[in-house]
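Below: structure.cif (mmCIF, C-alpha atoms)
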```cif
data_structure
loop_
_atom_site.label_atom_id
_atom_site.label_comp_id
_atom_site.auth_asym_id
_atom_site.auth_seq_id
_atom_site.Cartn_x
_atom_site.Cartn_y
_atom_site.Cartn_z
CA MET A 210 0.00 0.00 0.00
CA ASN A 211 1.30 3.39 -0.94
CA LYS A 212 1.21 5.92 1.90
CA VAL A 213 3.20 8.56 0.09
CA TYR A 214 1.41 11.66 -1.18
CA ALA A 215 2.89 14.33 -3.41
CA ASN A 216 2.01 17.32 -1.28
CA ALA A 217 -0.28 18.74 1.40
CA LYS A 218 -3.12 19.46 -1.02
CA GLU A 219 -3.37 15.78 -1.96
CA ALA A 220 -2.76 14.53 1.56
CA ILE A 221 -5.69 16.46 3.06
CA GLU A 222 -8.13 15.03 0.53
CA GLY A 223 -11.26 13.90 2.38
CA ILE A 224 -11.19 16.53 5.10
CA THR A 225 -14.62 18.13 4.92
CA ASP A 226 -16.68 20.73 6.79
CA SER A 227 -17.51 20.08 10.47
CA MET A 228 -14.84 17.44 10.98
CA THR A 229 -12.71 17.13 14.11
CA LEU A 230 -8.99 17.53 13.50
CA MET A 231 -6.02 17.10 15.80
CA LEU A 232 -2.99 19.19 14.93
CA GLY A 233 0.40 18.61 16.51
CA GLY A 234 2.67 21.30 17.91
CA PHE A 235 3.36 23.29 21.03
CA GLY A 236 3.04 26.97 20.28
CA LEU A 237 4.55 27.21 16.80
CA CYS A 238 7.08 24.45 17.48
CA GLY A 239 6.42 21.26 15.51
CA ILE A 240 3.26 22.43 13.74
CA PRO A 241 2.21 20.97 10.35
CA GLU A 242 2.75 24.19 8.39
CA ASN A 243 2.13 22.80 4.91
CA SER A 244 -1.14 21.11 5.88
CA ILE A 245 -2.43 24.23 7.63
CA ASP A 246 -1.76 26.25 4.49
CA ALA A 247 -3.52 23.58 2.41
CA LEU A 248 -6.55 23.68 4.74
CA VAL A 249 -6.71 27.46 4.32
CA GLU A 250 -6.53 26.97 0.56
CA ALA A 251 -9.24 24.25 0.63
CA GLY A 252 -11.52 26.49 2.69
CA VAL A 253 -13.12 23.70 4.74
CA LYS A 254 -15.09 25.25 7.58
CA ASP A 255 -16.84 24.65 10.92
CA LEU A 256 -13.85 22.61 12.01
CA THR A 257 -13.27 21.48 15.58
CA CYS A 258 -9.54 21.63 16.14
CA VAL A 259 -7.70 19.91 18.96
CA SER A 260 -4.27 21.43 19.49
CA ASN A 261 -2.38 22.55 22.59
CA ASN A 262 -2.47 26.18 21.42
CA ALA A 263 -4.30 28.20 18.80
CA GLY A 264 -1.30 29.66 17.01
CA ILE A 265 -0.64 33.37 16.82
CA ASP A 266 -2.27 35.98 14.63
CA ASN A 267 -0.57 35.13 11.35
CA ALA A 268 0.91 31.72 12.00
CA GLY A 269 -0.16 28.19 12.81
CA LEU A 270 -3.84 27.74 13.57
CA GLY A 271 -4.10 31.53 13.58
CA LYS A 272 -4.35 31.25 9.78
CA LEU A 273 -7.47 29.05 9.99
CA LEU A 274 -8.94 31.36 12.60
CA ARG A 275 -8.40 34.45 10.52
CA ASN A 276 -10.14 32.69 7.65
CA HIS A 277 -13.12 31.84 9.92
CA GLN A 278 -12.73 28.08 9.41
CA LEU A 279 -12.91 27.07 13.07
CA ARG A 280 -16.09 26.54 15.02
CA LYS A 281 -14.50 25.10 18.12
CA MET A 282 -11.04 25.02 19.58
CA ILE A 283 -9.97 22.44 22.16
CA ALA A 284 -6.68 23.51 23.77
CA SER A 285 -4.86 24.11 27.05
CA TYR A 286 -3.60 27.62 26.42
CA VAL A 287 -4.79 30.13 23.86
CA GLY A 288 -2.91 33.35 24.66
CA GLU A 289 -0.88 35.34 22.18
CA ASN A 290 -3.69 35.61 19.65
CA LYS A 291 -5.80 38.77 19.19
CA GLU A 292 -8.09 37.36 16.50
CA PHE A 293 -8.82 34.41 18.79
CA GLU A 294 -9.86 36.81 21.54
CA ARG A 295 -12.10 38.72 19.18
CA GLN A 296 -13.90 35.64 17.82
CA LEU A 297 -14.29 34.20 21.29
CA LEU A 298 -15.83 37.38 22.69
CA SER A 299 -18.14 37.79 19.68
CA GLY A 300 -19.38 34.20 20.01
CA GLU A 301 -18.13 33.09 16.58
CA LEU A 302 -15.82 30.60 18.21
CA GLU A 303 -16.35 28.10 20.98
CA VAL A 304 -13.44 27.10 23.18
CA GLU A 305 -12.89 24.19 25.53
CA LEU A 306 -9.88 24.51 27.82
CA ILE A 307 -8.34 21.31 29.14
CA PRO A 308 -5.33 21.00 31.47
CA GLN A 309 -2.32 20.25 29.30
CA GLY A 310 -1.41 16.90 30.84
CA THR A 311 -5.04 15.78 30.73
CA LEU A 312 -5.27 16.83 27.08
CA ALA A 313 -2.10 14.88 26.26
CA GLU A 314 -3.36 11.82 28.11
CA ARG A 315 -6.83 12.00 26.56
CA ILE A 316 -5.20 11.90 23.14
CA ARG A 317 -2.80 9.14 24.17
CA ALA A 318 -5.66 7.10 25.63
CA GLY A 319 -7.84 7.63 22.56
CA GLY A 320 -5.14 6.31 20.28
CA ASN A 321 -4.47 3.40 22.60
CA GLY A 322 -8.04 2.14 22.91
CA ILE A 323 -8.59 3.35 26.46
CA PRO A 324 -12.07 4.93 26.74
CA ALA A 325 -11.58 6.58 30.14
CA PHE A 326 -9.06 7.04 32.96
CA TYR A 327 -8.58 9.00 36.19
CA VAL A 328 -6.28 11.96 36.83
CA PRO A 329 -5.94 14.32 39.81
CA ALA A 330 -5.68 17.49 37.67
CA GLY A 331 -8.66 19.79 38.09
CA TYR A 332 -10.09 18.17 41.22
CA GLY A 333 -11.83 20.86 43.29
CA THR A 334 -11.77 23.34 40.39
CA GLU A 335 -14.31 24.31 37.74
CA ILE A 336 -12.80 21.62 35.47
CA GLN A 337 -14.46 19.07 37.74
CA GLU A 338 -17.96 20.13 36.64
CA GLY A 339 -19.97 17.21 35.25
CA LYS A 340 -17.21 14.66 35.76
CA GLU A 341 -17.16 11.51 37.82
CA VAL A 342 -15.05 11.99 40.97
CA ARG A 343 -13.45 8.97 42.56
CA GLU A 344 -11.08 8.34 45.44
CA PHE A 345 -8.06 6.06 45.09
CA ASN A 346 -5.68 5.54 48.02
CA GLY A 347 -7.00 8.63 49.79
CA LYS A 348 -6.54 10.98 46.85
CA MET A 349 -9.29 12.40 44.66
CA TYR A 350 -9.38 11.94 40.90
CA LEU A 351 -11.54 12.99 37.96
CA MET A 352 -12.59 10.63 35.21
CA GLU A 353 -11.48 11.83 31.80
CA LEU A 354 -12.29 10.35 28.39
CA GLY A 355 -10.01 9.17 25.64
CA MET A 356 -10.21 11.34 22.54
CA ARG A 357 -9.91 10.61 18.82
CA ALA A 358 -10.26 12.71 15.68
CA ASP A 359 -11.43 12.24 12.10
CA PHE A 360 -7.98 13.32 10.98
CA ALA A 361 -4.78 13.85 12.93
CA ILE A 362 -2.19 16.02 11.20
CA VAL A 363 1.32 15.75 12.58
CA LYS A 364 4.73 17.14 11.73
CA ALA A 365 7.97 15.19 12.04
CA TRP A 366 11.61 15.79 11.21
CA LYS A 367 12.19 12.60 9.26
CA GLY A 368 9.86 9.96 7.97
CA ASP A 369 9.96 6.98 5.65
CA THR A 370 7.63 5.52 3.05
CA LYS A 371 6.21 3.09 5.66
CA GLY A 372 5.12 6.07 7.79
CA ASN A 373 7.74 5.73 10.52
CA LEU A 374 8.53 9.07 12.13
CA ILE A 375 11.42 10.70 13.99
CA PHE A 376 11.00 14.04 15.74
CA ARG A 377 13.65 16.60 16.53
CA HIS A 378 14.19 18.16 19.97
CA THR A 379 11.02 19.64 21.52
CA ALA A 380 9.14 19.52 18.20
CA ASN A 381 7.70 16.12 19.19
CA ASN A 382 5.31 17.43 21.88
CA PHE A 383 1.74 16.37 20.88
CA ASN A 384 2.66 14.90 17.49
CA ASN A 385 3.53 11.39 18.66
CA MET A 386 0.27 10.80 20.56
CA MET A 387 -1.89 12.46 17.92
CA ALA A 388 -0.54 10.14 15.24
CA ALA A 389 -2.20 7.22 17.04
CA ALA A 390 -5.42 9.10 17.77
CA GLY A 391 -6.32 10.01 14.20
CA ILE A 392 -8.78 7.75 12.40
CA ILE A 393 -6.73 8.89 9.44
CA THR A 394 -3.32 10.36 10.25
CA ILE A 395 -1.42 12.61 7.90
CA ALA A 396 2.27 13.15 8.60
CA GLU A 397 4.26 15.89 6.97
CA VAL A 398 8.01 15.58 7.30
CA GLU A 399 11.03 17.70 6.50
CA GLU A 400 12.78 14.75 4.94
CA LEU A 401 11.07 11.69 3.46
CA VAL A 402 13.28 8.67 2.82
CA PRO A 403 12.72 5.14 1.46
CA ALA A 404 11.90 2.40 3.98
CA GLY A 405 15.11 0.96 5.36
CA VAL A 406 17.04 4.20 5.60
CA LEU A 407 15.93 5.17 9.11
CA ASP A 408 17.36 3.13 11.97
CA PRO A 409 14.43 1.16 13.46
CA ASN A 410 15.98 1.71 16.92
CA GLN A 411 15.48 5.45 16.58
CA ILE A 412 11.84 5.54 15.43
CA HIS A 413 9.54 7.58 17.72
CA THR A 414 6.23 6.85 15.97
CA PRO A 415 5.84 3.46 14.30
CA GLY A 416 4.35 3.62 10.80
CA ILE A 417 1.23 1.68 11.77
CA PHE A 418 -0.20 4.96 13.08
CA VAL A 419 0.38 6.92 9.88
CA GLN A 420 -1.84 6.48 6.81
CA ARG A 421 -0.53 9.33 4.66
CA ILE A 422 2.88 10.92 4.50
CA PHE A 423 4.48 13.65 2.39
CA GLN A 424 7.60 15.74 2.35
CA GLY A 425 6.79 19.34 3.17
CA THR A 426 8.45 22.39 1.66
CA GLY A 427 9.33 25.92 2.68
CA TYR A 428 9.17 25.53 6.45
CA THR A 429 9.29 28.94 8.11
CA LYS A 430 9.60 27.60 11.68
CA GLN A 431 8.61 30.91 13.20
CA ILE A 432 9.72 31.42 16.81
CA GLU A 433 7.32 33.06 19.27
CA PHE A 434 9.88 34.35 21.75
CA VAL A 435 13.47 34.48 20.58
CA THR A 436 15.37 34.63 23.86
CA THR A 437 19.15 34.76 23.80
CA SER A 438 21.99 34.97 26.29
CA ASP A 439 23.98 37.56 24.31
CA MET B 270 13.48 45.92 52.53
CA ALA B 271 11.25 43.49 50.73
CA LEU B 272 13.02 41.34 48.16
CA ASP B 273 12.97 42.02 44.44
CA LYS B 274 12.18 39.23 41.96
CA ASN B 275 15.78 38.08 41.83
CA GLY B 276 15.91 38.03 45.62
CA ILE B 277 12.88 35.74 45.73
CA ALA B 278 14.47 33.49 43.09
CA LYS B 279 17.74 33.41 45.04
CA ARG B 280 15.95 32.35 48.22
CA ILE B 281 14.00 29.65 46.34
CA ALA B 282 17.28 28.29 45.00
CA ARG B 283 18.15 27.38 48.59
CA GLU B 284 15.35 24.80 48.47
CA LEU B 285 17.16 22.86 45.74
CA ARG B 286 18.97 19.64 46.59
CA ASP B 287 21.54 17.61 44.73
CA GLY B 288 19.90 15.22 42.28
CA TYR B 289 16.59 17.06 42.10
CA TYR B 290 14.43 17.12 38.96
CA VAL B 291 12.69 20.50 39.03
CA ASN B 292 9.91 22.16 37.06
CA LEU B 293 10.08 25.96 37.03
CA GLY B 294 7.01 27.91 35.96
CA ILE B 295 6.91 31.13 33.97
CA GLY B 296 7.97 34.43 35.62
CA ILE B 297 9.91 34.57 38.90
CA PRO B 298 10.32 30.74 38.99
CA THR B 299 12.27 30.83 35.71
CA LEU B 300 14.85 33.10 37.40
CA VAL B 301 15.65 30.34 39.92
CA ALA B 302 17.72 28.67 37.18
CA ASN B 303 20.23 31.51 37.51
CA TYR B 304 20.95 30.67 41.15
CA ILE B 305 21.49 26.90 41.16
CA PRO B 306 24.49 26.43 43.45
CA GLU B 307 27.78 25.64 41.72
CA GLY B 308 28.43 21.90 41.59
CA MET B 309 24.84 20.93 42.48
CA ASP B 310 23.24 18.46 40.06
CA VAL B 311 19.77 19.86 39.33
CA THR B 312 17.91 18.84 36.15
CA LEU B 313 15.24 21.21 34.87
CA HIS B 314 12.06 19.80 33.36
CA SER B 315 10.12 21.56 30.63
CA GLU B 316 6.61 20.16 30.24
CA ASN B 317 6.61 20.45 26.44
CA GLY B 318 9.09 17.58 26.43
CA LEU B 319 12.62 18.25 27.68
CA LEU B 320 14.59 17.14 30.72
CA GLY B 321 17.81 19.07 31.04
CA ILE B 322 17.11 22.68 30.01
CA GLY B 323 20.33 24.62 29.42
CA PRO B 324 20.94 28.37 29.31
CA PHE B 325 19.33 30.62 26.69
CA PRO B 326 21.17 30.24 23.37
CA THR B 327 23.51 32.75 21.80
CA ARG B 328 22.00 34.47 18.75
CA ASN B 329 23.84 32.07 16.43
CA ASN B 330 22.53 29.00 18.22
CA VAL B 331 18.81 29.79 18.23
CA ASP B 332 16.85 26.69 17.15
CA ALA B 333 13.11 26.83 16.42
CA ASP B 334 12.78 23.16 17.38
CA LEU B 335 14.12 23.80 20.87
CA ILE B 336 11.88 25.83 23.17
CA ASN B 337 10.75 25.79 26.80
CA ALA B 338 7.19 25.75 28.14
CA GLY B 339 7.13 29.56 27.91
CA LYS B 340 7.87 29.17 24.18
CA GLN B 341 11.27 30.82 24.59
CA THR B 342 14.30 29.48 22.74
CA VAL B 343 16.57 27.44 25.03
CA THR B 344 19.45 24.99 24.84
CA TYR B 345 19.88 21.56 26.42
CA ILE B 346 22.61 20.24 28.68
CA ASP B 347 24.71 17.09 28.32
CA GLY B 348 22.57 14.19 29.44
CA ALA B 349 19.30 15.82 28.37
CA SER B 350 16.39 13.88 26.88
CA PHE B 351 13.39 14.72 24.71
CA PHE B 352 9.96 13.06 24.83
CA ASP B 353 6.33 13.67 23.95
CA SER B 354 3.85 15.62 26.09
CA ALA B 355 2.02 12.55 27.45
CA GLU B 356 5.27 11.12 28.78
CA SER B 357 6.23 14.55 30.09
CA PHE B 358 3.07 14.81 32.15
CA GLY B 359 3.50 11.19 33.16
CA MET B 360 6.70 12.32 34.87
CA ILE B 361 4.72 14.95 36.76
CA ARG B 362 1.65 12.85 37.51
CA GLY B 363 3.77 9.88 38.48
CA GLY B 364 5.55 11.92 41.14
CA HIS B 365 8.97 11.71 39.49
CA VAL B 366 9.55 15.45 39.53
CA ASP B 367 10.97 16.43 42.95
CA LEU B 368 10.03 20.08 43.06
CA THR B 369 7.66 22.41 41.24
CA VAL B 370 7.93 26.19 41.56
CA LEU B 371 5.14 28.31 40.16
CA GLY B 372 3.58 31.72 40.48
CA ALA B 373 0.08 32.47 41.80
CA PHE B 374 -2.52 35.21 42.17
CA GLU B 375 -3.65 33.87 45.56
CA VAL B 376 -2.90 31.07 48.01
CA SER B 377 -5.21 30.05 50.85
CA GLU B 378 -4.23 29.00 54.37
CA THR B 379 -5.21 25.43 53.47
CA GLY B 380 -2.86 25.36 50.48
CA ASP B 381 -5.38 26.06 47.70
CA ILE B 382 -3.95 28.00 44.78
CA ALA B 383 -5.54 30.35 42.23
CA SER B 384 -3.28 31.16 39.32
CA TRP B 385 -5.01 30.87 35.97
CA LYS B 386 -8.19 32.86 35.64
CA VAL B 387 -9.51 36.28 36.59
CA PRO B 388 -13.26 36.45 35.89
CA GLY B 389 -14.16 39.30 33.58
CA LYS B 390 -10.71 39.27 32.01
CA LEU B 391 -9.93 37.15 29.00
CA VAL B 392 -9.17 33.56 29.89
CA LYS B 393 -6.06 32.26 28.23
CA GLY B 394 -6.09 28.79 29.69
CA MET B 395 -4.46 26.82 32.45
CA GLY B 396 -1.73 25.23 30.35
CA GLY B 397 0.02 22.67 32.54
CA ALA B 398 -0.57 24.42 35.88
CA MET B 399 -3.50 22.24 37.01
CA ASP B 400 -1.60 19.05 36.22
CA LEU B 401 1.47 20.28 38.08
CA VAL B 402 -0.28 21.38 41.27
CA ALA B 403 -2.50 18.30 41.44
CA ALA B 404 0.30 15.82 41.11
CA ALA B 405 3.66 17.25 42.13
CA ARG B 406 4.92 16.16 45.54
CA ASN B 407 6.52 19.41 46.58
CA ILE B 408 5.04 22.69 45.41
CA ILE B 409 6.55 26.07 46.17
CA VAL B 410 4.67 29.20 45.20
CA ALA B 411 6.76 32.22 44.29
CA MET B 412 4.84 35.50 44.42
CA GLN B 413 4.53 38.98 45.87
CA HIS B 414 3.03 38.97 49.36
CA THR B 415 0.46 41.62 48.43
CA ASP B 416 -1.03 42.98 45.20
CA ARG B 417 -0.34 46.47 43.86
CA GLU B 418 -3.05 47.96 46.09
CA GLY B 419 -1.49 46.32 49.13
CA ASN B 420 -4.15 43.60 49.50
CA SER B 421 -2.87 40.30 50.86
CA LYS B 422 -2.44 37.41 48.46
CA LEU B 423 -2.20 34.94 51.36
CA LEU B 424 -5.86 34.48 52.18
CA LYS B 425 -8.21 32.49 54.36
CA LYS B 426 -9.94 31.39 51.19
CA CYS B 427 -9.08 32.10 47.57
CA THR B 428 -11.48 34.48 45.83
CA LEU B 429 -10.44 33.59 42.26
CA PRO B 430 -11.15 30.31 40.41
CA LEU B 431 -8.86 27.60 41.76
CA THR B 432 -6.02 25.85 39.99
CA GLY B 433 -5.80 23.19 42.68
CA VAL B 434 -6.83 22.40 46.25
CA ARG B 435 -4.66 21.64 49.30
CA CYS B 436 -1.52 21.33 47.26
CA VAL B 437 0.88 24.16 48.10
CA THR B 438 3.61 23.18 50.57
CA LYS B 439 5.62 26.38 50.82
CA ILE B 440 5.32 30.03 49.79
CA ILE B 441 8.28 32.30 49.20
CA THR B 442 7.34 35.96 48.81
CA ASP B 443 9.15 39.28 48.76
CA MET B 444 8.53 39.45 52.54
CA ALA B 445 8.68 35.93 53.94
CA VAL B 446 9.05 32.18 53.72
CA LEU B 447 5.94 30.37 54.93
CA GLU B 448 4.92 26.76 55.19
CA VAL B 449 1.32 25.59 54.75
CA THR B 450 0.26 23.57 57.80
CA SER B 451 -3.08 22.20 58.95
CA ASP B 452 -3.41 25.32 61.15
CA GLY B 453 -2.52 27.88 58.51
CA PHE B 454 0.59 29.68 57.23
CA ARG B 455 3.55 29.02 59.53
CA LEU B 456 6.09 31.82 59.29
CA LEU B 457 9.58 30.39 58.85
CA GLU B 458 11.72 33.33 57.76
CA ARG B 459 11.37 37.03 57.08
CA ALA B 460 13.10 39.05 54.37
CA PRO B 461 15.97 41.27 55.52
CA GLY B 462 14.57 44.35 57.23
CA VAL B 463 10.95 43.11 57.20
CA SER B 464 9.41 42.74 60.66
CA VAL B 465 7.03 40.09 61.92
CA GLY B 466 4.49 42.90 62.33
CA ASP B 467 4.86 43.86 58.65
CA ILE B 468 4.21 40.26 57.63
CA ARG B 469 1.26 39.96 60.01
CA ARG B 470 -0.34 43.07 58.48
CA ALA B 471 0.24 41.74 54.94
CA THR B 472 -1.22 38.28 55.63
CA GLU B 473 -5.00 37.82 55.70
CA GLY B 474 -5.00 34.07 56.35
CA ALA B 475 -4.14 32.46 59.70
CA LEU B 476 -0.49 33.16 60.49
CA ILE B 477 1.39 30.99 62.97
CA ILE B 478 4.38 32.54 64.63
CA ASN B 479 6.40 30.30 66.92
CA GLY B 480 9.30 31.92 68.76
CA GLU B 481 11.92 34.09 67.13
CA ILE B 482 11.60 34.29 63.32
CA PRO B 483 15.02 34.39 61.69
CA GLU B 484 15.96 36.63 58.80
CA MET B 485 16.46 34.88 55.46
CA THR B 486 19.95 33.93 54.47
CA PHE B 487 21.02 33.36 50.89
#
```
Written as structure tokens, how would this file's structure read?
Amino acid sequence: MNKVYANAKEAIEGITDSMTLMLGGFGLCGIPENSIDALVEAGVKDLTCVSNNAGIDNAGLGKLLRNHQLRKMIASYVGENKEFERQLLSGELEVELIPQGTLAERIRAGGNGIPAFYVPAGYGTEIQEGKEVREFNGKMYLMELGMRADFAIVKAWKGDTKGNLIFRHTANNFNNMMAAAGIITIAEVEELVPAGVLDPNQIHTPGIFVQRIFQGTGYTKQIEFVTTSD
Amino acid sequence: MALDKNGIAKRIARELRDGYYVNLGIGIPTLVANYIPEGMDVTLHSENGLLGIGPFPTRNNVDADLINAGKQTVTYIDGASFFDSAESFGMIRGGHVDLTVLGAFEVSETGDIASWKVPGKLVKGMGGAMDLVAAARNIIVAMQHTDREGNSKLLKKCTLPLTGVRCVTKIITDMAVLEVTSDGFRLLERAPGVSVGDIRRATEGALIINGEIPEMTF
């Protein structure tokens, strides 16, 4: 079976209005830039997007926001984005905030066939609302649900034609778990190589989780806060 | 004189122990990294997926794939490791991180913390704060003792939406070091030149003062 697609436009084929998408990345680090641009181009709308952050005004998911393609955002932190604020306050956009570790685990669980689990995060806070509370060994926990998506779109450093992925530095973040949680997972990589080139000992995401893969182009890798020691 | 931000960070650094894995939040906590004692082995955890944060990079070494939880460019030290966010929070939830230092708007005398939301202002999200306070074994709050109007931030009960309940172990402010006990805030140390009376006036929650309160040393 051929998993290799020519470009983002072909790889996102089948993503339609009102779908739920997971997009990898933490801030602008490790985001699937090519696929986001292709989604803007395709104009699909009313999307529910699961991503740790919502991008910034002109980068990352900020591009989909600006183009009014999002109906709901599921994230842990959505600062640094004026257009997001505006759409939220005007009611155009719905937002669900989830503690970061719970979000990561919900995605991990979803991809691993675990429908629900218990975590201590949010106990005694407004996050608890509507959730089952249970005590284990004298400590209180909330039940959280595993999460999947119609499509997961992830970004890796290197990938091969079997869909195996290797991430670089902190650009892994949510990408690895999201790959497993997508009903269909699209991986865009900086370098796509034939099967057999990557060392199997170094693979982060096994190819079984990836249905479509393509080599991206023109990565801008924008940095939110360039902080230097000199 | 009350401490400045660097003074608070310097005092927090005295809580570090050899071999500790530490998570430092955004703001004053980040400054603690500048005061890790020479020769002490402390590994800094960044919840986006890095153990072993190094200093900020020089301009020529900036790498977009290498950032901390505040989305600032960083470097990594020898012996560092990278991992995904689920594993990163597994480290926190599993109690593997020895110490967490974070900022707060308010702390209550029972150790509740409010740090993520001010009603009426735009909500940006809790990020990893709720996971950290609910699961970390040892939580130090770094903050100013009072707000700009002089109102105490050490309260009987938090007024803002909570980040976590009964979780804070210690509070290090510009005025004092306090421990959260079942009876309230126990005063351990006072900042140089700050009197017990000053701290009493700046603390709304129950304050326990046993014997002579020493001045902080650094």
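For the set A:Tyr428, A:Trp366, A:Phe345, A:Tyr286, the residue with the smallest atom-to-atom gap to chain B is A:Tyr286, counting all atoms listed in the file.
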- Got a sec to resolve the PyMOL selection byres ((chain A) within 7 of (chain B)) on this structure and send the residues as an MDAnalysis selection string? chainID A and resid 235:236 238:239 285:288 306 308:310 313:314 317 329:334 377:383 385 430:439
- Message: For the PyMOL selection byres ((chain B and resi 441) around 10), applied here, can you spell out every residue it catches as a list in words?
- Response: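 On the file shown, the PyMOL selection byres ((chain B and resi 441) around 10) covers Ile277, Ala278, Arg280, Ile281, Val370, Gly372, Ile409, Val410, Ala411, Met412, Gln413, His414, Lys439, Ile440, Thr442, Asp443, Met444, Ala445, Val446, Leu447, Glu448, Leu457, Glu458, Arg459 and Ala460 of chain B.
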Could you save those same residues with C-alpha atoms as a PDB file, in the coordinates of the input?
```
ATOM      1  CA  ILE B 277      12.880  35.740  45.730  1.00  0.00           C
ATOM      2  CA  ALA B 278      14.470  33.490  43.090  1.00  0.00           C
ATOM      3  CA  ARG B 280      15.950  32.350  48.220  1.00  0.00           C
ATOM      4  CA  ILE B 281      14.000  29.650  46.340  1.00  0.00           C
ATOM      5  CA  VAL B 370       7.930  26.190  41.560  1.00  0.00           C
ATOM      6  CA  GLY B 372       3.580  31.720  40.480  1.00  0.00           C
ATOM      7  CA  ILE B 409       6.550  26.070  46.170  1.00  0.00           C
ATOM      8  CA  VAL B 410       4.670  29.200  45.200  1.00  0.00           C
ATOM      9  CA  ALA B 411       6.760  32.220  44.290  1.00  0.00           C
ATOM     10  CA  MET B 412       4.840  35.500  44.420  1.00  0.00           C
ATOM     11  CA  GLN B 413       4.530  38.980  45.870  1.00  0.00           C
ATOM     12  CA  HIS B 414       3.030  38.970  49.360  1.00  0.00           C
ATOM     13  CA  LYS B 439       5.620  26.380  50.820  1.00  0.00           C
ATOM     14  CA  ILE B 440       5.320  30.030  49.790  1.00  0.00           C
ATOM     15  CA  THR B 442       7.340  35.960  48.810  1.00  0.00           C
ATOM     16  CA  ASP B 443       9.150  39.280  48.760  1.00  0.00           C
ATOM     17  CA  MET B 444       8.530  39.450  52.540  1.00  0.00           C
ATOM     18  CA  ALA B 445       8.680  35.930  53.940  1.00  0.00           C
ATOM     19  CA  VAL B 446       9.050  32.180  53.720  1.00  0.00           C
ATOM     20  CA  LEU B 447       5.940  30.370  54.930  1.00  0.00           C
ATOM     21  CA  GLU B 448       4.920  26.760  55.190  1.00  0.00           C
ATOM     22  CA  LEU B 457       9.580  30.390  58.850  1.00  0.00           C
ATOM     23  CA  GLU B 458      11.720  33.330  57.760  1.00  0.00           C
ATOM     24  CA  ARG B 459      11.370  37.030  57.080  1.00  0.00           C
ATOM     25  CA  ALA B 460      13.100  39.050  54.370  1.00  0.00           C
TER      26      ALA B 460
END
```
- Task: Could you check how far atom CA of Cys427 of chain B sits from atom CA of Ser377 of chain B, in Å to one decimal?
- Result: 5.5 Å
- Determine the nearest neighbour of Asn410 of chain A from the options A:Arg295, A:Ile375, A:Asn211, A:Ile392, counting only C-alpha atoms.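 The closest residue to Asn410 of chain A is A:Ile375.
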- Which residues come within 6 Å of Ile408 of chain B, counting only C-alpha atoms, excluding same-chain residues fewer than 2 positions away, as a ChimeraX atom specification? /B:369-370,437-438
